[in-house]
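structure_25.cif, holding mmCIF, N, CA and C atoms:
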data_data
loop_
_atom_site.label_atom_id
_atom_site.label_comp_id
_atom_site.auth_asym_id
_atom_site.auth_seq_id
_atom_site.Cartn_x
_atom_site.Cartn_y
_atom_site.Cartn_z
N MET W 1 2.93 -75.24 -160.19
CA MET W 1 3.40 -75.71 -161.48
C MET W 1 2.24 -76.35 -162.26
N THR W 2 2.14 -76.02 -163.51
CA THR W 2 1.14 -76.65 -164.36
C THR W 2 1.61 -78.07 -164.73
N PRO W 3 0.69 -78.92 -165.17
CA PRO W 3 1.13 -80.26 -165.59
C PRO W 3 2.18 -80.23 -166.71
N ARG W 4 2.05 -79.29 -167.62
CA ARG W 4 3.04 -79.16 -168.71
C ARG W 4 4.41 -78.77 -168.15
N GLU W 5 4.44 -77.84 -167.20
CA GLU W 5 5.70 -77.42 -166.60
C GLU W 5 6.33 -78.57 -165.82
N LYS W 6 5.50 -79.37 -165.13
CA LYS W 6 6.02 -80.53 -164.40
C LYS W 6 6.64 -81.53 -165.36
N LEU W 7 5.98 -81.77 -166.49
CA LEU W 7 6.51 -82.72 -167.46
C LEU W 7 7.81 -82.21 -168.05
N GLN W 8 7.86 -80.93 -168.39
CA GLN W 8 9.09 -80.33 -168.93
C GLN W 8 10.23 -80.45 -167.91
N TYR W 9 9.93 -80.13 -166.65
CA TYR W 9 10.94 -80.20 -165.60
C TYR W 9 11.41 -81.64 -165.40
N SER W 10 10.48 -82.60 -165.46
CA SER W 10 10.85 -84.01 -165.31
C SER W 10 11.74 -84.47 -166.45
N TYR W 11 11.43 -84.05 -167.68
CA TYR W 11 12.30 -84.38 -168.82
C TYR W 11 13.69 -83.80 -168.61
N GLU W 12 13.76 -82.58 -168.12
CA GLU W 12 15.06 -81.96 -167.89
C GLU W 12 15.82 -82.67 -166.79
N LEU W 13 15.13 -83.08 -165.73
CA LEU W 13 15.80 -83.84 -164.67
C LEU W 13 16.30 -85.18 -165.20
N ALA W 14 15.54 -85.79 -166.08
CA ALA W 14 15.89 -87.11 -166.59
C ALA W 14 17.02 -87.08 -167.61
N PHE W 15 17.08 -86.03 -168.44
CA PHE W 15 17.96 -86.07 -169.59
C PHE W 15 18.89 -84.88 -169.74
N HIS W 16 18.87 -83.93 -168.83
CA HIS W 16 19.72 -82.74 -168.95
C HIS W 16 20.59 -82.65 -167.69
N PRO W 17 21.84 -83.12 -167.76
CA PRO W 17 22.69 -83.19 -166.56
C PRO W 17 22.78 -81.91 -165.74
N PRO W 18 22.88 -80.71 -166.33
CA PRO W 18 22.95 -79.51 -165.49
C PRO W 18 21.71 -79.30 -164.62
N ARG W 19 20.54 -79.66 -165.15
CA ARG W 19 19.30 -79.50 -164.37
C ARG W 19 19.28 -80.45 -163.19
N LEU W 20 19.69 -81.70 -163.43
CA LEU W 20 19.72 -82.68 -162.34
C LEU W 20 20.75 -82.29 -161.29
N ASN W 21 21.91 -81.82 -161.72
CA ASN W 21 22.94 -81.39 -160.78
C ASN W 21 22.45 -80.21 -159.95
N GLY W 22 21.77 -79.26 -160.59
CA GLY W 22 21.23 -78.12 -159.86
C GLY W 22 20.19 -78.55 -158.83
N ALA W 23 19.35 -79.51 -159.22
CA ALA W 23 18.34 -80.02 -158.28
C ALA W 23 19.01 -80.70 -157.09
N TRP W 24 20.07 -81.47 -157.36
CA TRP W 24 20.80 -82.13 -156.28
C TRP W 24 21.42 -81.11 -155.32
N GLN W 25 21.98 -80.04 -155.87
CA GLN W 25 22.56 -79.00 -155.03
C GLN W 25 21.49 -78.36 -154.14
N ARG W 26 20.30 -78.11 -154.69
CA ARG W 26 19.21 -77.53 -153.89
C ARG W 26 18.72 -78.50 -152.82
N ILE W 27 18.70 -79.79 -153.15
CA ILE W 27 18.31 -80.80 -152.16
C ILE W 27 19.29 -80.81 -151.00
N LYS W 28 20.58 -80.76 -151.31
CA LYS W 28 21.61 -80.75 -150.26
C LYS W 28 21.50 -79.51 -149.39
N ARG W 29 21.16 -78.37 -149.98
CA ARG W 29 20.99 -77.13 -149.21
C ARG W 29 19.68 -77.09 -148.45
N GLY W 30 18.73 -77.94 -148.84
CA GLY W 30 17.44 -77.98 -148.16
C GLY W 30 16.41 -77.03 -148.74
N ASP W 31 16.64 -76.51 -149.93
CA ASP W 31 15.66 -75.60 -150.52
C ASP W 31 15.14 -76.11 -151.86
N ALA W 32 14.90 -77.43 -151.93
CA ALA W 32 14.38 -78.04 -153.16
C ALA W 32 12.88 -77.76 -153.28
N GLU W 33 12.36 -77.97 -154.47
CA GLU W 33 10.94 -77.81 -154.71
C GLU W 33 10.16 -78.75 -153.81
N GLU W 34 8.95 -78.36 -153.45
CA GLU W 34 8.15 -79.17 -152.54
C GLU W 34 7.72 -80.50 -153.16
N ASN W 35 7.61 -80.55 -154.48
CA ASN W 35 7.19 -81.78 -155.15
C ASN W 35 8.37 -82.48 -155.85
N ILE W 36 9.56 -82.33 -155.32
CA ILE W 36 10.76 -82.88 -155.96
C ILE W 36 10.72 -84.40 -156.04
N LYS W 37 10.15 -85.07 -155.04
CA LYS W 37 10.08 -86.53 -155.09
C LYS W 37 9.23 -87.00 -156.26
N GLU W 38 8.10 -86.35 -156.46
CA GLU W 38 7.22 -86.69 -157.59
C GLU W 38 7.94 -86.44 -158.92
N LEU W 39 8.65 -85.34 -159.02
CA LEU W 39 9.37 -85.01 -160.25
C LEU W 39 10.49 -86.01 -160.51
N LEU W 40 11.20 -86.43 -159.46
CA LEU W 40 12.26 -87.42 -159.62
C LEU W 40 11.70 -88.78 -160.00
N ASP W 41 10.53 -89.13 -159.45
CA ASP W 41 9.88 -90.39 -159.83
C ASP W 41 9.54 -90.38 -161.31
N THR W 42 8.97 -89.28 -161.78
CA THR W 42 8.62 -89.16 -163.20
C THR W 42 9.88 -89.20 -164.06
N ALA W 43 10.94 -88.53 -163.61
CA ALA W 43 12.20 -88.54 -164.36
C ALA W 43 12.74 -89.96 -164.48
N LEU W 44 12.69 -90.73 -163.41
CA LEU W 44 13.18 -92.10 -163.47
C LEU W 44 12.28 -92.96 -164.35
N LEU W 45 10.97 -92.71 -164.30
CA LEU W 45 10.04 -93.43 -165.17
C LEU W 45 10.39 -93.23 -166.64
N LEU W 46 10.88 -92.05 -166.99
CA LEU W 46 11.22 -91.76 -168.38
C LEU W 46 12.39 -92.60 -168.88
N HIS W 47 13.11 -93.24 -167.96
CA HIS W 47 14.23 -94.10 -168.35
C HIS W 47 13.83 -95.57 -168.46
N GLN W 48 12.58 -95.89 -168.21
CA GLN W 48 12.12 -97.28 -168.30
C GLN W 48 11.96 -97.68 -169.77
N ALA W 49 11.56 -98.91 -170.00
CA ALA W 49 11.36 -99.41 -171.36
C ALA W 49 10.29 -98.59 -172.08
N LEU W 50 10.45 -98.44 -173.37
CA LEU W 50 9.50 -97.66 -174.16
C LEU W 50 8.16 -98.41 -174.27
N PRO W 51 7.07 -97.66 -174.29
CA PRO W 51 5.75 -98.31 -174.36
C PRO W 51 5.46 -98.85 -175.76
N GLU W 52 4.62 -99.87 -175.81
CA GLU W 52 4.21 -100.42 -177.10
C GLU W 52 3.03 -99.66 -177.69
N ASN W 53 2.24 -99.02 -176.85
CA ASN W 53 1.10 -98.25 -177.33
C ASN W 53 0.76 -97.16 -176.34
N GLY W 54 -0.15 -96.29 -176.74
CA GLY W 54 -0.60 -95.23 -175.85
C GLY W 54 0.21 -93.96 -175.92
N PHE W 55 1.26 -93.92 -176.76
CA PHE W 55 2.08 -92.71 -176.85
C PHE W 55 1.48 -91.77 -177.88
N SER W 56 1.90 -90.51 -177.84
CA SER W 56 1.27 -89.49 -178.66
C SER W 56 1.67 -89.55 -180.13
N SER W 57 2.94 -89.78 -180.42
CA SER W 57 3.38 -89.82 -181.82
C SER W 57 4.67 -90.61 -181.94
N GLN W 58 4.93 -91.05 -183.16
CA GLN W 58 6.17 -91.78 -183.43
C GLN W 58 7.37 -90.88 -183.22
N ARG W 59 7.24 -89.63 -183.59
CA ARG W 59 8.35 -88.67 -183.42
C ARG W 59 8.69 -88.51 -181.94
N ALA W 60 7.67 -88.41 -181.10
CA ALA W 60 7.90 -88.28 -179.65
C ALA W 60 8.58 -89.52 -179.10
N LEU W 61 8.17 -90.69 -179.58
CA LEU W 61 8.77 -91.94 -179.13
C LEU W 61 10.24 -92.01 -179.55
N GLN W 62 10.54 -91.60 -180.76
CA GLN W 62 11.92 -91.61 -181.24
C GLN W 62 12.78 -90.61 -180.46
N ARG W 63 12.22 -89.44 -180.15
CA ARG W 63 12.98 -88.45 -179.39
C ARG W 63 13.29 -88.98 -177.99
N LEU W 64 12.30 -89.61 -177.35
CA LEU W 64 12.53 -90.18 -176.03
C LEU W 64 13.60 -91.26 -176.09
N ALA W 65 13.58 -92.09 -177.13
CA ALA W 65 14.59 -93.14 -177.28
C ALA W 65 15.98 -92.52 -177.44
N GLN W 66 16.08 -91.44 -178.20
CA GLN W 66 17.36 -90.76 -178.36
C GLN W 66 17.83 -90.17 -177.03
N TYR W 67 16.92 -89.54 -176.30
CA TYR W 67 17.27 -88.99 -174.99
C TYR W 67 17.78 -90.09 -174.07
N GLN W 68 17.09 -91.22 -174.06
CA GLN W 68 17.51 -92.32 -173.20
C GLN W 68 18.92 -92.79 -173.58
N ALA W 69 19.16 -92.95 -174.86
CA ALA W 69 20.47 -93.45 -175.31
C ALA W 69 21.59 -92.47 -174.98
N LYS W 70 21.37 -91.20 -175.25
CA LYS W 70 22.41 -90.20 -175.02
C LYS W 70 22.68 -89.97 -173.53
N SER W 71 21.68 -90.15 -172.69
CA SER W 71 21.87 -89.89 -171.25
C SER W 71 22.68 -90.99 -170.57
N ARG W 72 22.79 -92.15 -171.20
CA ARG W 72 23.56 -93.25 -170.60
C ARG W 72 25.02 -92.87 -170.38
N ALA W 73 25.56 -92.03 -171.24
CA ALA W 73 26.96 -91.63 -171.12
C ALA W 73 27.22 -90.81 -169.86
N PHE W 74 26.17 -90.22 -169.29
CA PHE W 74 26.33 -89.36 -168.12
C PHE W 74 25.88 -90.02 -166.82
N GLY W 75 25.48 -91.28 -166.88
CA GLY W 75 25.07 -91.99 -165.66
C GLY W 75 23.83 -91.41 -165.01
N MET W 76 22.91 -90.91 -165.81
CA MET W 76 21.73 -90.24 -165.27
C MET W 76 20.84 -91.18 -164.46
N VAL W 77 20.69 -92.42 -164.89
CA VAL W 77 19.82 -93.36 -164.18
C VAL W 77 20.36 -93.62 -162.78
N ALA W 78 21.65 -93.89 -162.68
CA ALA W 78 22.25 -94.15 -161.36
C ALA W 78 22.15 -92.91 -160.47
N PHE W 79 22.37 -91.74 -161.04
CA PHE W 79 22.29 -90.49 -160.28
C PHE W 79 20.86 -90.29 -159.75
N LEU W 80 19.86 -90.52 -160.61
CA LEU W 80 18.47 -90.40 -160.18
C LEU W 80 18.15 -91.39 -159.06
N ARG W 81 18.59 -92.62 -159.23
CA ARG W 81 18.33 -93.64 -158.19
C ARG W 81 19.00 -93.26 -156.86
N ASN W 82 20.22 -92.75 -156.94
CA ASN W 82 20.93 -92.37 -155.71
C ASN W 82 20.24 -91.19 -155.01
N ILE W 83 19.81 -90.21 -155.78
CA ILE W 83 19.11 -89.07 -155.17
C ILE W 83 17.81 -89.54 -154.53
N ARG W 84 17.07 -90.39 -155.23
CA ARG W 84 15.81 -90.90 -154.68
C ARG W 84 16.05 -91.69 -153.40
N SER W 85 17.13 -92.46 -153.34
CA SER W 85 17.40 -93.23 -152.12
C SER W 85 17.77 -92.31 -150.96
N VAL W 86 18.48 -91.22 -151.25
CA VAL W 86 18.80 -90.24 -150.20
C VAL W 86 17.51 -89.62 -149.65
N LEU W 87 16.53 -89.41 -150.53
CA LEU W 87 15.25 -88.81 -150.12
C LEU W 87 14.30 -89.84 -149.51
N GLY W 88 14.69 -91.11 -149.51
CA GLY W 88 13.87 -92.15 -148.90
C GLY W 88 12.78 -92.69 -149.80
N CYS W 89 12.93 -92.55 -151.08
CA CYS W 89 11.94 -93.07 -152.03
C CYS W 89 12.20 -94.56 -152.27
N GLY W 90 11.13 -95.30 -152.45
CA GLY W 90 11.26 -96.73 -152.72
C GLY W 90 11.46 -97.01 -154.20
N GLU W 91 11.50 -98.28 -154.54
CA GLU W 91 11.64 -98.69 -155.94
C GLU W 91 10.34 -98.39 -156.69
N LEU W 92 10.49 -98.13 -157.97
CA LEU W 92 9.32 -97.90 -158.82
C LEU W 92 8.65 -99.23 -159.15
N ASP W 93 7.32 -99.21 -159.22
CA ASP W 93 6.58 -100.42 -159.56
C ASP W 93 6.51 -100.63 -161.06
N GLN W 94 6.55 -99.55 -161.82
CA GLN W 94 6.42 -99.63 -163.27
C GLN W 94 7.76 -99.90 -163.93
N HIS W 95 7.71 -100.66 -165.02
CA HIS W 95 8.93 -100.96 -165.77
C HIS W 95 8.82 -100.52 -167.22
N VAL W 96 7.75 -99.78 -167.53
CA VAL W 96 7.52 -99.25 -168.86
C VAL W 96 7.13 -97.78 -168.71
N VAL W 97 7.62 -96.94 -169.60
CA VAL W 97 7.25 -95.52 -169.58
C VAL W 97 5.74 -95.42 -169.86
N PRO W 98 4.97 -94.76 -169.00
CA PRO W 98 3.55 -94.57 -169.31
C PRO W 98 3.40 -93.78 -170.61
N GLY W 99 2.48 -94.19 -171.44
CA GLY W 99 2.29 -93.55 -172.74
C GLY W 99 2.02 -92.06 -172.65
N ASN W 100 1.37 -91.62 -171.58
CA ASN W 100 1.05 -90.19 -171.45
C ASN W 100 2.29 -89.34 -171.17
N LEU W 101 3.42 -89.95 -170.83
CA LEU W 101 4.65 -89.20 -170.60
C LEU W 101 5.49 -89.05 -171.87
N VAL W 102 5.12 -89.78 -172.91
CA VAL W 102 5.88 -89.72 -174.16
C VAL W 102 5.37 -88.51 -174.94
N ARG W 103 6.10 -87.43 -174.86
CA ARG W 103 5.75 -86.19 -175.55
C ARG W 103 6.98 -85.68 -176.27
N ASP W 104 6.76 -84.91 -177.31
CA ASP W 104 7.86 -84.37 -178.10
C ASP W 104 8.35 -83.09 -177.43
N ILE W 105 9.15 -83.25 -176.39
CA ILE W 105 9.62 -82.13 -175.57
C ILE W 105 11.09 -81.86 -175.87
N GLY W 106 11.39 -80.61 -176.15
CA GLY W 106 12.77 -80.21 -176.39
C GLY W 106 13.48 -79.87 -175.10
N LEU W 107 14.77 -80.10 -175.07
CA LEU W 107 15.59 -79.80 -173.90
C LEU W 107 16.44 -78.56 -174.16
N PRO W 108 16.90 -77.89 -173.11
CA PRO W 108 17.82 -76.77 -173.31
C PRO W 108 19.11 -77.26 -173.97
N THR W 109 19.81 -76.36 -174.60
CA THR W 109 21.08 -76.71 -175.23
C THR W 109 22.07 -77.15 -174.16
N PHE W 110 22.77 -78.23 -174.43
CA PHE W 110 23.72 -78.78 -173.47
C PHE W 110 25.12 -78.36 -173.91
N CYS W 111 25.56 -77.22 -173.45
CA CYS W 111 26.90 -76.73 -173.78
C CYS W 111 27.29 -75.68 -172.72
N HIS W 112 28.53 -75.29 -172.76
CA HIS W 112 28.99 -74.24 -171.86
C HIS W 112 28.42 -72.91 -172.32
N PRO W 113 28.05 -72.05 -171.38
CA PRO W 113 27.53 -70.74 -171.79
C PRO W 113 28.61 -69.92 -172.48
N PRO W 114 28.23 -69.12 -173.45
CA PRO W 114 29.24 -68.30 -174.14
C PRO W 114 29.88 -67.29 -173.20
N LYS W 115 31.15 -67.00 -173.45
CA LYS W 115 31.87 -66.06 -172.59
C LYS W 115 31.80 -64.67 -173.14
#
Give the structure from this file in structure tokens form.
Amino acid sequence: MTPREKLQYSYELAFHPPRLNGAWQRIKRGDAEENIKELLDTALLLHQALPENGFSSQRALQRLAQYQAKSRAFGMVAFLRNIRSVLGCGELDQHVVPGNLVRDIGLPTFCHPPK
């Protein structure tokens, strides 16, 4: 995976419920990605407090804030923490999103597929 693909995947794990659910199903089956712990750590980092500086653009910061707010309705933070605890991951040391993770990344459409 390229760094851009990892960041996109982490954003989807953090803010797109179907992607996180699919990852959880693969973890339970034992066929998850080899770097899933790193991706889950990054996904949880994206839910931390917004940075004061070091981010790429105001638009990216606003999009991340919107993603954080909208994901609260789906319990994404608790789900990420529970998956990480099942995998034996410890608590994160950081309490602020690193500025290099604040990117203007679009997510897949969140709706039922057309019939």
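Atom CA of Leu107 of chain W to atom CA of Arg72 of chain W spans 16.0 Å [interatomic distance, one decimal].
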message = From the options W:Pro114, W:Thr109, W:Gln66, W:Pro98, which residue's atoms come nearest to Gln48 of chain W, counting only N, CA and C atoms?
response =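 With only N, CA and C atoms as the atom set, the closest residue is W:Pro98.
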Which residues are close to segment 73-80 of chain W, i.e. within 12 Å by only C-alpha atoms, leaving aside same-chain residues fewer than 3 positions away? Reply as a CSV table (one decimal) with N, CA and C atoms, in the frame of the given file.
chain,number,residue,atom,x,y,z
W,10,SER,N,10.5,-82.6,-165.5
W,10,SER,CA,10.8,-84.0,-165.3
W,10,SER,C,11.7,-84.5,-166.4
W,11,TYR,N,11.4,-84.0,-167.7
W,11,TYR,CA,12.3,-84.4,-168.8
W,11,TYR,C,13.7,-83.8,-168.6
W,12,GLU,N,13.8,-82.6,-168.1
W,12,GLU,CA,15.1,-82.0,-167.9
W,12,GLU,C,15.8,-82.7,-166.8
W,13,LEU,N,15.1,-83.1,-165.7
W,13,LEU,CA,15.8,-83.8,-164.7
W,13,LEU,C,16.3,-85.2,-165.2
W,14,ALA,N,15.5,-85.8,-166.1
W,14,ALA,CA,15.9,-87.1,-166.6
W,14,ALA,C,17.0,-87.1,-167.6
W,15,PHE,N,17.1,-86.0,-168.4
W,15,PHE,CA,18.0,-86.1,-169.6
W,15,PHE,C,18.9,-84.9,-169.7
W,16,HIS,N,18.9,-83.9,-168.8
W,16,HIS,CA,19.7,-82.7,-169.0
W,16,HIS,C,20.6,-82.6,-167.7
W,17,PRO,N,21.8,-83.1,-167.8
W,17,PRO,CA,22.7,-83.2,-166.6
W,17,PRO,C,22.8,-81.9,-165.7
W,18,PRO,N,22.9,-80.7,-166.3
W,18,PRO,CA,23.0,-79.5,-165.5
W,18,PRO,C,21.7,-79.3,-164.6
W,19,ARG,N,20.5,-79.7,-165.2
W,19,ARG,CA,19.3,-79.5,-164.4
W,19,ARG,C,19.3,-80.4,-163.2
W,20,LEU,N,19.7,-81.7,-163.4
W,20,LEU,CA,19.7,-82.7,-162.3
W,20,LEU,C,20.8,-82.3,-161.3
W,21,ASN,N,21.9,-81.8,-161.7
W,21,ASN,CA,22.9,-81.4,-160.8
W,21,ASN,C,22.4,-80.2,-160.0
W,23,ALA,N,19.4,-79.5,-159.2
W,23,ALA,CA,18.3,-80.0,-158.3
W,23,ALA,C,19.0,-80.7,-157.1
W,24,TRP,N,20.1,-81.5,-157.4
W,24,TRP,CA,20.8,-82.1,-156.3
W,24,TRP,C,21.4,-81.1,-155.3
W,36,ILE,N,9.6,-82.3,-155.3
W,36,ILE,CA,10.8,-82.9,-156.0
W,36,ILE,C,10.7,-84.4,-156.0
W,37,LYS,N,10.2,-85.1,-155.0
W,37,LYS,CA,10.1,-86.5,-155.1
W,37,LYS,C,9.2,-87.0,-156.3
W,39,LEU,N,8.6,-85.3,-159.0
W,39,LEU,CA,9.4,-85.0,-160.2
W,39,LEU,C,10.5,-86.0,-160.5
W,40,LEU,N,11.2,-86.4,-159.5
W,40,LEU,CA,12.3,-87.4,-159.6
W,40,LEU,C,11.7,-88.8,-160.0
W,41,ASP,N,10.5,-89.1,-159.4
W,41,ASP,CA,9.9,-90.4,-159.8
W,41,ASP,C,9.5,-90.4,-161.3
W,42,THR,N,9.0,-89.3,-161.8
W,42,THR,CA,8.6,-89.2,-163.2
W,42,THR,C,9.9,-89.2,-164.1
W,43,ALA,N,10.9,-88.5,-163.6
W,43,ALA,CA,12.2,-88.5,-164.4
W,43,ALA,C,12.7,-90.0,-164.5
W,44,LEU,N,12.7,-90.7,-163.4
W,44,LEU,CA,13.2,-92.1,-163.5
W,44,LEU,C,12.3,-93.0,-164.4
W,45,LEU,N,11.0,-92.7,-164.3
W,45,LEU,CA,10.0,-93.4,-165.2
W,45,LEU,C,10.4,-93.2,-166.6
W,46,LEU,N,10.9,-92.0,-167.0
W,46,LEU,CA,11.2,-91.8,-168.4
W,46,LEU,C,12.4,-92.6,-168.9
W,47,HIS,N,13.1,-93.2,-168.0
W,47,HIS,CA,14.2,-94.1,-168.4
W,47,HIS,C,13.8,-95.6,-168.5
W,48,GLN,N,12.6,-95.9,-168.2
W,48,GLN,CA,12.1,-97.3,-168.3
W,48,GLN,C,12.0,-97.7,-169.8
W,67,TYR,N,16.9,-89.5,-176.3
W,67,TYR,CA,17.3,-89.0,-175.0
W,67,TYR,C,17.8,-90.1,-174.1
W,68,GLN,N,17.1,-91.2,-174.1
W,68,GLN,CA,17.5,-92.3,-173.2
W,68,GLN,C,18.9,-92.8,-173.6
W,69,ALA,N,19.2,-93.0,-174.9
W,69,ALA,CA,20.5,-93.4,-175.3
W,69,ALA,C,21.6,-92.5,-175.0
W,70,LYS,N,21.4,-91.2,-175.2
W,70,LYS,CA,22.4,-90.2,-175.0
W,70,LYS,C,22.7,-90.0,-173.5
W,83,ILE,N,19.8,-90.2,-155.8
W,83,ILE,CA,19.1,-89.1,-155.2
W,83,ILE,C,17.8,-89.5,-154.5
W,84,ARG,N,17.1,-90.4,-155.2
W,84,ARG,CA,15.8,-90.9,-154.7
W,84,ARG,C,16.0,-91.7,-153.4
W,85,SER,N,17.1,-92.5,-153.3
W,85,SER,CA,17.4,-93.2,-152.1
W,85,SER,C,17.8,-92.3,-151.0
W,86,VAL,N,18.5,-91.2,-151.2
W,86,VAL,CA,18.8,-90.2,-150.2
W,86,VAL,C,17.5,-89.6,-149.6
W,87,LEU,N,16.5,-89.4,-150.5
W,87,LEU,CA,15.2,-88.8,-150.1
W,87,LEU,C,14.3,-89.8,-149.5
W,89,CYS,N,12.9,-92.6,-151.1
W,89,CYS,CA,11.9,-93.1,-152.0
W,89,CYS,C,12.2,-94.6,-152.3
W,91,GLU,N,11.5,-98.3,-154.5
W,91,GLU,CA,11.6,-98.7,-155.9
W,91,GLU,C,10.3,-98.4,-156.7
W,92,LEU,N,10.5,-98.1,-158.0
W,92,LEU,CA,9.3,-97.9,-158.8
W,92,LEU,C,8.6,-99.2,-159.2
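With all atoms listed in the file as the atoms that count, the residue of W:Ile27, W:Ala32, W:Ala49, W:Leu64 with the shortest distance to Val102 of chain W is W:Leu64.
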- Task: Can you give me, as a PyMOL selection string, the residues this file yields under the PyMOL selection byres (((chain W and resi 56 and name CA) around 9) and name CA)?
- Result: chain W and resi 53-55+57-61+99-104
| request: Report the residues of chain W whose backbone DSSP state falls under alpha helix (DSSP H), written as JSON, numbers by chain. | output: {"W": [3, 4, 5, 6, 7, 8, 9, 10, 11, 12, 13, 14, 15, 17, 18, 19, 20, 21, 22, 23, 24, 25, 26, 27, 28, 29, 36, 37, 38, 39, 40, 41, 42, 43, 44, 45, 58, 59, 60, 61, 62, 63, 64, 65, 66, 67, 68, 69, 70, 71, 76, 77, 78, 79, 80, 81, 82, 83, 84, 85, 86]}
